Amino acid sequence: MNVLDAWTRLPTGGRGRRRRPAVLILPFLLILILAACSPGSNTSSTSTPPSSTDAGREEAAQEDAAQDAPAAKQAGIVDPDNHGWPRAVRDAFGDIVEIPAKPERVLTLSLGLDEVVMALTGPERFAAISDIARSGYSNIVTQAEQVPATVINDLEYILGLAPDILLLDGMAQPELVAQARDAGLTVFITDLHDTVGDHLANIQLIAYILGEEEAGAVLMEKVQQRVDALAALVEEASAGQQKPRVVHLAPNLYVPGSATTSEEFITRAGGINAVSEAGLVSWQQISLEKLVEMAPEVIVHDEYDADRLRSDILEHPAMADVPAVRDGRIYEIPSRYLTTLSFWNIRGAEELARHLWPEALGSVIFEDFDW
């Protein structure tokens, strides 16, 4: 789960609730939400975590690379042959939602969904967009700045924006969805996932919902090309070499195990997630002693509270003999690549691959997606 995707929710009751700037609540979200980001937090997340053995992880990665495109087929689409209106789709709760006409005013309450919708439609179709989408935590800052209105955490305000559809992620509470639907909004809930195959499925589904099937096919092809290109580069760069063991480290010693976005980008970069190797699933808070015991060859972190992370953890005397610290293999990669729950986290895998295989890929420049 991406903590930024939890920054705003429909209110549980009452009117005129004050807007809470997303950036101000990030420290609390990072500490409180990461621990809750388990496979069960989304209704249709992968229910079986990856194998905890090296062979199992490698086999799963190979199968995933070969099956990315087929995994996207007919995701949530009730009648794939219907390209007219109305059209029906099945949401993350199993409910059938009818889309009466092509949505011209779209609203989401999730950064991951913002990034997908922006790639499919551009800024013109957004009824409003979040402050987070305009921040350094976003991959769509320039496009988001072209959307005049800002969405806030208030149902009455959302109704005033007159969106044709409200897109929510799998953390949406059913009673809150009911409030929005009772108010006359067309609401669709889709889960945001960790793997490329699921990202492709979401692109296809959202493109269908928005009546942008052609744009969806183009975007899926672009994403698949990036995935295939990275796989080829990593295969060549790592041939005959031992895969480095990697820990993605967050403040307060939170680390992601199996069934996480981090597992995905570490594996695609050609590394081994040392946290899942230790048998941990999802995000967990560990002790400094446990981190030392894991002895990762590489540590990666993002910019959030990076100074404190370095002073409190990485520079702690107990870490001196950890291979990543000893060999200077500690890398900062922007959170917009590492933690987003959209196809953009492929950029995280690309940047990590440059660090894991510096002799072969250190000079390679991976461009951001453009449209």
# chains A, B, ... in the order shown; residues from 1 in each chain; ligands from 1
>>> select_by_dssp(residues="region 110-359 of chain A", states="strand (DSSP E)", output="VMD selection string")
chain A and resid 165 to 169 187 to 190 245 to 248 254 to 256 272 to 273 283 to 285 298 to 301 330 to 332
>>> closest_atom_pairs(of="region 176-247 of chain A", to="region 261-285 of chain A", cutoff="7 Å", atoms="only C-alpha atoms", output="Markdown table")
| residue | atom | partner | partner_atom | distance |
| --- | --- | --- | --- | --- |
| A:Asp194 | CA | A:Thr261 | CA | 4.4 |
| A:Thr195 | CA | A:Glu264 | CA | 6.1 |
| A:Ala231 | CA | A:Arg268 | CA | 6.9 |
| A:Val234 | CA | A:Gly270 | CA | 6.0 |
| A:Lys243 | CA | A:Gly271 | CA | 5.2 |
| A:Pro244 | CA | A:Gly271 | CA | 5.1 |
| A:Arg245 | CA | A:Ile272 | CA | 4.7 |
| A:Val246 | CA | A:Asn273 | CA | 5.1 |
| A:Val247 | CA | A:Ala274 | CA | 5.8 |
>>> write_last_selection(atoms="N, CA, C and O atoms", output="mmCIF file, in the first residue's frame")
data_model
loop_
_atom_site.group_PDB
_atom_site.id
_atom_site.type_symbol
_atom_site.label_atom_id
_atom_site.label_comp_id
_atom_site.auth_asym_id
_atom_site.auth_seq_id
_atom_site.Cartn_x
_atom_site.Cartn_y
_atom_site.Cartn_z
ATOM 1 N N ASP A 194 0.460 -4.186 -6.327
ATOM 2 C CA ASP A 194 1.909 -4.090 -6.231
ATOM 3 C C ASP A 194 2.642 -4.579 -7.475
ATOM 4 O O ASP A 194 3.804 -4.243 -7.662
ATOM 5 N N THR A 195 2.018 -5.377 -8.322
ATOM 6 C CA THR A 195 2.735 -6.032 -9.406
ATOM 7 C C THR A 195 2.408 -5.405 -10.757
ATOM 8 O O THR A 195 1.348 -4.804 -10.949
ATOM 9 N N ALA A 231 13.963 -5.993 -17.963
ATOM 10 C CA ALA A 231 14.278 -7.408 -17.726
ATOM 11 C C ALA A 231 15.481 -7.847 -18.553
ATOM 12 O O ALA A 231 16.355 -8.576 -18.061
ATOM 13 N N VAL A 234 18.695 -6.230 -17.039
ATOM 14 C CA VAL A 234 19.072 -6.861 -15.773
ATOM 15 C C VAL A 234 19.623 -8.258 -16.011
ATOM 16 O O VAL A 234 20.613 -8.669 -15.388
ATOM 17 N N LYS A 243 23.047 -12.289 -6.901
ATOM 18 C CA LYS A 243 22.087 -11.216 -6.715
ATOM 19 C C LYS A 243 22.280 -10.560 -5.344
ATOM 20 O O LYS A 243 22.360 -11.261 -4.327
ATOM 21 N N PRO A 244 22.346 -9.246 -5.296
ATOM 22 C CA PRO A 244 22.518 -8.573 -4.005
ATOM 23 C C PRO A 244 21.251 -8.631 -3.167
ATOM 24 O O PRO A 244 20.127 -8.585 -3.688
ATOM 25 N N ARG A 245 21.425 -8.721 -1.878
ATOM 26 C CA ARG A 245 20.311 -8.737 -0.934
ATOM 27 C C ARG A 245 20.034 -7.294 -0.516
ATOM 28 O O ARG A 245 20.926 -6.578 -0.083
ATOM 29 N N VAL A 246 18.767 -6.883 -0.652
ATOM 30 C CA VAL A 246 18.382 -5.481 -0.527
ATOM 31 C C VAL A 246 17.365 -5.315 0.593
ATOM 32 O O VAL A 246 16.479 -6.157 0.775
ATOM 33 N N VAL A 247 17.491 -4.218 1.334
ATOM 34 C CA VAL A 247 16.457 -3.801 2.284
ATOM 35 C C VAL A 247 15.988 -2.407 1.898
ATOM 36 O O VAL A 247 16.800 -1.499 1.714
#
>>> residues_around(residues="region 219-223 of chain A", least_positions_apart="2", cutoff="9 Å", atoms="only C-alpha atoms", output="number ranges by chain")
A: 69, 119-120, 196, 199-201, 203-204, 214-217, 225-228, 343-344, 346, 369, 371
>>> residues_around(residues="Ser287 (chain A)", least_positions_apart="5", cutoff="10 Å", atoms="only C-alpha atoms", output="PyMOL selection string")
chain A and resi 252-254+292-293
>>> write_last_selection(atoms="C-alpha atoms", output="PDB file, in the first residue's frame")
ATOM      1  CA  ASN A 252      11.501   4.029  12.670  1.00  0.00           C
ATOM      2  CA  LEU A 253      12.847   0.780  11.214  1.00  0.00           C
ATOM      3  CA  TYR A 254       9.829  -0.080   9.062  1.00  0.00           C
ATOM      4  CA  VAL A 292      21.991  -5.955  11.515  1.00  0.00           C
ATOM      5  CA  GLU A 293      21.192  -9.668  11.466  1.00  0.00           C
TER       6      GLU A 293
END
>>> residues_around(residues="Pro251 (chain A)", least_positions_apart="4", cutoff="9 Å", atoms="only C-alpha atoms", output="list in words")
Leu30, Ile31, Val255, His301, Tyr304, Asp305, Ala306, Arg308, Leu309, Asp312 and Ile313 of chain A
>>> closest_residue(among="A:Ala237, A:Leu107, A:Leu113, A:Leu210", to="Gly362 (chain A)", atoms="only C-alpha atoms")
A:Ala237
>>> closest_residue(among="A:Glu175, A:Asp191, A:Asp370, A:Glu315", to="Ala92 (chain A)", atoms="only C-alpha atoms")
A:Asp191
>>> closest_residue(among="A:Ala250, A:Ile206, A:Leu159, A:Val322", to="Val117 (chain A)", atoms="only C-alpha atoms")
A:Ile206
>>> select_by_dssp(residues="region 199-352 of chain A", states="alpha helix (DSSP H)", output="ChimeraX atom specification")
/A:199-210,213-238,261-268,274-277,288-294,306-309,323-326,335-338,345-352
